[in-house]
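Enquirer: Below is the structure I would like to discuss, written out as structure tokens.
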Amino acid sequence: MMSGFEFGSICLFLLLPVLYEHSNTFRYYFKFFVYYGYIMVTSVVVLPIMLWNPRSVENLILASKLCRHISTLLRLRWELRGGEYLNKQQSFVIVANHQSSIDILDFWLCLLPFWMVLQNQNSYLNVKIWVFPEGTRKNTGEIHAFKKGAFHAAISAQLPILPVVFTRFYFLQSEKCIFNPGKIVITVLPPIKTCGLNVENLAQLMTTTHTTMTQTFNNTSKELLKELKTERSYE
């Protein structure tokens, strides 16, 4: 005879698809539970391999390949534009807008083929340093003011700034507990040179980068929204 616990478990299991389909709040928290759970399990799996073979680029590539499958579970689609700039055999300070913890998926998608290669103890070959210059993540439909750290580093090392822009996360509205299927367009812009610049040029470099990224963010977000509306009209 079935116990009360078993009966309750079966009922809950049958109820989950209904809640997922009809409750925005349940779907929102369930997707983040899957997301963080997947990241934690992947970390546990990859950590022993990293400890066994430290400093290997293969460790990062393995972690990236595993993490990229989360997009399928969350029903997120990605489109990368300007990937040829990432493919250059050159060091960069990459700056990107920051909207959510989901941005970690953007990171894995962009940088899988382009990991840092250790040359020796004190220097790196083709280093690509990734920074979110806004600091705190904000999904408010705009790119907020930048902090100075990434730009100080770029000028100090005389490395180009490589702007990376993610379209607005239309699928995600935390204040309403909405986490729907969605699409993100990632645009890698041409490098901004810092050769010959010094601290006196810091403010102008930040303004130029912020203006360029904001224009791209607005244009690609509008383009994506139009595409999504067209897709919905055919459903």
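As shown in the structure tokens, the chain order sets the letters A, B, ...; within each chain, residues go from 1, and ligands are also counted from 1 in the order they appear.
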Using only C-alpha atoms, what does the table of region 160-220 of chain A residues within 6 Å of region 67-85 of chain A look like, with each row giving the shortest atom pair and its distance in Å to one decimal, sorted by chain and ascending number, as a tab-separated table?
Expert:
residue	atom	partner	partner_atom	distance
A:Pro181	CA	A:Arg75	CA	5.0
A:Gly182	CA	A:Leu76	CA	5.0
A:Lys183	CA	A:Arg77	CA	4.5
A:Ile184	CA	A:Trp78	CA	5.0
A:Val185	CA	A:Glu79	CA	4.7
A:Ile186	CA	A:Leu80	CA	4.8
A:Thr187	CA	A:Arg81	CA	4.7
A:Val188	CA	A:Gly82	CA	4.7
Enquirer: Mind checking which residues fall within 12 Å of Ser23 (chain A), counting only C-alpha atoms, ignoring those fewer than 5 positions away in the same chain, and posting them as a ChimeraX atom specification?
Expert: /A:15-18,28-30,176-180
Enquirer: Pick out the residues sitting within 10 Å of Val95 (chain A), and hand them over as a ChimeraX atom specification; count only C-alpha atoms, and ignore anything fewer than 3 positions along from it in its own chain.
Expert: /A:92,98,129-134,146,150-151,161-165,188,209-210,213
Enquirer: Could you pull out all residues of region 70-227 of chain A with a DSSP call of helix (DSSP H, G or I) and give them as a ChimeraX atom specification?
Expert: /A:70-74,83-86,103-111,149-157,174-176,199-227
Enquirer: Would you please work out which residue, of A:Asp103, A:Lys128, A:Arg232, A:Leu205, is nearest to Leu86 (chain A) when using only C-alpha atoms?
Expert: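 Under the stated criterion, the closest residue is A:Lys128.
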Enquirer: Could you name the residues that touch Thr212 (chain A) at 9 Å or less, counting only C-alpha atoms, but leaving out those on the same chain fewer than 4 positions away, as a PDB file with C-alpha atoms, in the first residue's frame?
Expert:
ATOM      1  CA  PRO A 163      34.172  46.291 -26.101  1.00  0.00           C
ATOM      2  CA  LEU A 189      33.256  45.769 -31.423  1.00  0.00           C
ATOM      3  CA  THR A 207      33.631  58.263 -22.502  1.00  0.00           C
ATOM      4  CA  THR A 208      34.503  56.950 -25.964  1.00  0.00           C
ATOM      5  CA  THR A 216      25.500  49.411 -30.075  1.00  0.00           C
ATOM      6  CA  PHE A 217      23.401  48.288 -27.100  1.00  0.00           C
TER       7      PHE A 217
END
Enquirer: In Å, with one decimal, what is the gap from CA of Ile104 (chain A) to CA of Ser64 (chain A)?
Expert: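 Value for the CA of Ile104 (chain A)-CA of Ser64 (chain A) distance: 10.0 Å.
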Enquirer: If you run DSSP on the backbone here, which positions in region 7-203 of chain A get strand (DSSP E or B)? Please write them as a PyMOL selection string.
Expert: chain A and resi 76-81+92-96+117-118+124-125+128-131+161-166+172-173+178-179+182-188+192
Enquirer: So which one's closest to Ala145 (chain A), A:Val45, A:Lys222, A:Leu172, A:Asn97? Using only C-alpha atoms, please.
Expert: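 For Ala145 (chain A), the nearest of the given residues is A:Asn97.
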